[in-house]
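Step one of this worksheet: look at the structure below.
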Amino acid sequence: MNEAAPTLPNFRSDNVAPVCPEILRAIAEANRGPAAAYGDDDYSRLLNARFSELFETAVTVFPVSTGTAANALSLASCARPYGAIYCHEEAHIHTAEGGATEAFTGGAKLVAMSGRNFRIEPSSLRQALGQATWGVRNRSQPDAVSITQASEYGTIYPLAEIAEIGAIAHDRNLSLHMDGARFANALDCSPADMTWRAGVDILSFGATKNGAMSADAIVVFDQDLVESLSYRLRRAGQTSSKMRFASAQLLAYVEDRLYLRLAAKANAVAAHLGAGLAALPDVQLIAPVEANLVFINLPALAINRLAASGLQFARRGQDVIRFVARFDSTEQEADEVIALVHRVVSKR
């Protein structure tokens with residue numbers, strides 16, 4: 001009888017991770033008897049208070065089932081159908097959400113911008129808004145700016161940069177949205193400092209990539225956005241009947257800094273992996289490893305060999321691949337990846 005081939009590490013995405021035990025226990029605890037539906041349950045009633053404590057200001061929290069829903073509906077509350085939303089050219093809302101933002105805004109235009117380290121640069125944003133044709137009816141009218149923290153390539157906006165972008169946006173009466181699918185992985189300060197204190201009006205708060213089962217959230221700092229967003233959520237089918245299970249996940253996620261502990265594990269493995277890969281010949285990091293994402297340049301032949309080996313990763317173009325560390329990834333798994341990459345790049 002043939003022995004089964006050894007299972008290679010899976011660094012394709014943090015979406016492939018299991019649910020962390022603390023959140024599973026929270027779901028089981030919530031699964032006791034009947035509870036009010038559509039957010040009137042005891043768990044959901046706690047969300048605003050708990051997240052207001054976390055962010056050190058009054059917020060309104062809406063659980064949603066996906067990060068795409070969080071992004072698209074957040075931006076729909078900020079942008080008119082004829083509006084323009086400024087984002088980086090690699091932003092998830094622009095490259096990977098199937099036009100969801102355009103659909104839920106009713107047609108708002110995404111204005112994609114370049115920027116070093118895969119971030120919008122304040123000077124470029126200021127220039128773009130200065131060149132916008134305000135009040136001309138055959139042009140989309142600027143309504144919002146969206147930044148991704150951590151970015152699609154794992155780089156992190158410094159607080160001063162977020163604040164400068166926020167000031168530029170607010171000077172033009174634009175809203176600032178933050179796509180925080182990997183918010184915990186980017187957090188090296190207080191949640192308040194990274195968001196509303198720096199000018200963020202609305203946050204897509206990710207949990208599913210970092211240990212939750214099926215829960216992300218929209219955290220609203222600008223309370224003028226709340227009423228319209230509540231109607232948009234219902235219309236989009238994002239007002240869950242059994243919301244207690246999503247709310248229980250979100251409460252457990254932030255309890256005792258669980259979200260930060262899980263993210264720290266993933267980030268540490270990514271840092272170890274990035275350092276090991278950068279030390280190999282013919283391997284080049286595409287971006288600094290600042291969260292749980294590692295991007296490298298490799299010859300196409302080497303990438304094909306890696307894929308044939310059974311190693312799980314994501315390909316980004318002809319000669320770029322991505323590794324994503326999860327909260328349950330280990331340094332041993334990272335070492336296996338480093339050794340395997342070394343073998344394929346050394347093979348002639």
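Residues in the structure tokens are named by chain (A, B, ... in the order shown) and by number from 1 within that chain; ligands are numbered from 1 in the order shown.
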If we count only C-alpha atoms, what is near segment 202-210 of chain A at a cut-off of 7 Å, once residues fewer than 5 positions away on the same chain are taken out, given as number ranges by chain? A: 14-15, 67, 70-71, 74, 176-183, 215-222, 262-263, 327
Strand (DSSP E) per DSSP on the backbone: members of segment 149-292 of chain A, as a PyMOL selection string: chain A and resi 175-180+202-205+216-220+284-285
Skipping near chain neighbours, those fewer than 4 positions away, what residues fall within 8 Å of Gly39 of chain A using only C-alpha atoms, listed as a list of chain:residue names?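 My list of contacting residues is A:Ser44, A:Arg45, A:Thr239, A:Ser240, A:Ser241, A:Lys242, A:Met243, A:Arg244.
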Which residues come within 9 Å of Phe104 of chain A, counting only C-alpha atoms, excluding same-chain residues fewer than 5 positions away, as a ChimeraX atom specification? /A:72-73,75-76,81,99,232,236
Could you give me, as a compact mmCIF listing (two decimals) with C-alpha atoms, in the first residue's frame, the residues within 10 Å of Asp224 of chain A, counting only C-alpha atoms and dropping anything in the same chain fewer than 5 positions from it?
```
# COMPACT_ATOMS: atom_id res chain seq x y z
CA SER A 77 -23.14 55.42 2.57
CA CYS A 78 -20.40 57.92 1.61
CA ASP A 201 -15.14 58.26 9.23
CA LEU A 229 -26.40 52.69 6.11
```
Excluding segment 28-33 of chain A and residues on its chain fewer than 6 positions from it, collect all residues at most 12 Å away from it, counting only C-alpha atoms, and give them as a PyMOL selection string. chain A and resi 21-22+41-44+242-249+251-252
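Distances here use only C-alpha atoms; by that measure, the residue among A:Ile85, A:Ala308, A:Ala314, A:Ala79 closest to Phe295 of chain A is A:Ala314.
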Selected residue of minimal separation from Trp196 of chain A among A:Gly166, A:Leu250, A:Ala84, A:Ser346, counting only C-alpha atoms: A:Gly166
Of the residues A:Tyr153, A:Ala37, A:Asn292, A:Gly83, which is the one nearest to Arg139 of chain A, using only C-alpha atoms?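 Closest candidate: A:Gly83.
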Which one is closest to Pro63 of chain A: A:Arg234, A:His94, A:Arg119, A:Arg326? Count only C-alpha atoms.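 Nearest to Pro63 of chain A: A:Arg234.
Considering the residues A:Leu273, A:Val64, A:Ala160, A:Ala302 and counting only C-alpha atoms, Gln238 of chain A has its shortest atom-to-atom contact with A:Val64.
For Ala192 of chain A, the list of residues within 10 Å, based on only C-alpha atoms and with local chain neighbours fewer than 5 positions off taken out, reads Ser52, Glu53, Leu54, Phe55, Glu56, Thr57, Arg197, Ala198 and Val200 of chain A.
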Report the distance between atom CA of Asn10 of chain A and atom CA of Leu306 of chain A in Å, rounded to one decimal place.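 It comes out at 12.2 Å.
With atom CA of Ser65 of chain A on one side and atom CA of Met213 of chain A on the other, the separation reads 9.5 Å.
The nearest approach to Ala49 of chain A among the residues A:Glu227, A:Val61, A:Asp335, A:Ser329, with only C-alpha atoms taken into account, belongs to A:Val61.
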Per DSSP on the backbone, what are the helix (DSSP H, G or I) residues of segment 184-267 of chain A, as a compact mmCIF listing (two decimals) with C-alpha atoms, in the first residue's frame?
```txt
# COMPACT_ATOMS: atom_id res chain seq x y z
CA ALA A 184 -5.53 43.70 13.68
CA ASN A 185 -2.40 42.78 11.72
CA ALA A 186 -1.72 46.46 11.09
CA PRO A 191 -7.55 51.48 17.60
CA ALA A 192 -8.67 55.08 18.22
CA ASP A 193 -5.36 56.54 17.05
CA MET A 194 -5.45 54.53 13.83
CA TRP A 196 -11.16 58.42 14.04
CA ARG A 197 -8.36 60.41 15.65
CA ALA A 198 -6.62 60.31 12.27
CA THR A 208 -12.93 36.38 9.48
CA LYS A 209 -9.32 36.42 8.20
CA ASN A 210 -8.06 36.34 11.78
CA GLN A 223 -22.89 59.18 13.03
CA ASP A 224 -24.43 61.09 10.11
CA LEU A 225 -23.80 57.95 8.05
CA VAL A 226 -25.70 55.58 10.33
CA GLU A 227 -29.31 56.00 9.22
CA SER A 228 -28.77 55.57 5.48
CA LEU A 229 -26.40 52.69 6.11
CA SER A 230 -28.98 50.85 8.21
CA TYR A 231 -31.41 50.90 5.28
CA ARG A 232 -28.73 49.89 2.79
CA LEU A 233 -27.76 46.91 4.93
CA ARG A 234 -31.33 45.65 5.01
CA ARG A 235 -31.78 46.16 1.28
CA MET A 243 -27.38 38.05 14.23
CA ARG A 244 -26.55 36.85 17.74
CA PHE A 245 -24.02 34.40 16.27
CA ALA A 246 -22.15 37.10 14.37
CA SER A 247 -22.30 39.46 17.34
CA ALA A 248 -21.06 36.75 19.71
CA GLN A 249 -18.06 36.21 17.42
CA LEU A 250 -17.23 39.92 17.33
CA LEU A 251 -17.51 40.27 21.10
CA ALA A 252 -15.26 37.28 21.68
CA TYR A 253 -12.82 38.55 19.05
CA VAL A 254 -12.06 41.75 20.94
CA GLU A 255 -12.33 40.26 24.45
CA ASP A 256 -9.03 40.21 26.34
CA ARG A 257 -7.21 41.47 23.21
CA LEU A 258 -7.78 38.14 21.43
CA TYR A 259 -7.73 39.83 18.01
CA LEU A 260 -4.30 41.28 18.70
CA ARG A 261 -2.86 38.02 20.04
CA LEU A 262 -4.04 36.11 16.97
CA ALA A 263 -2.67 38.74 14.60
CA ALA A 264 0.67 38.82 16.41
CA LYS A 265 1.10 35.09 15.81
CA ALA A 266 0.47 35.47 12.09
CA ASN A 267 2.71 38.52 11.82
```
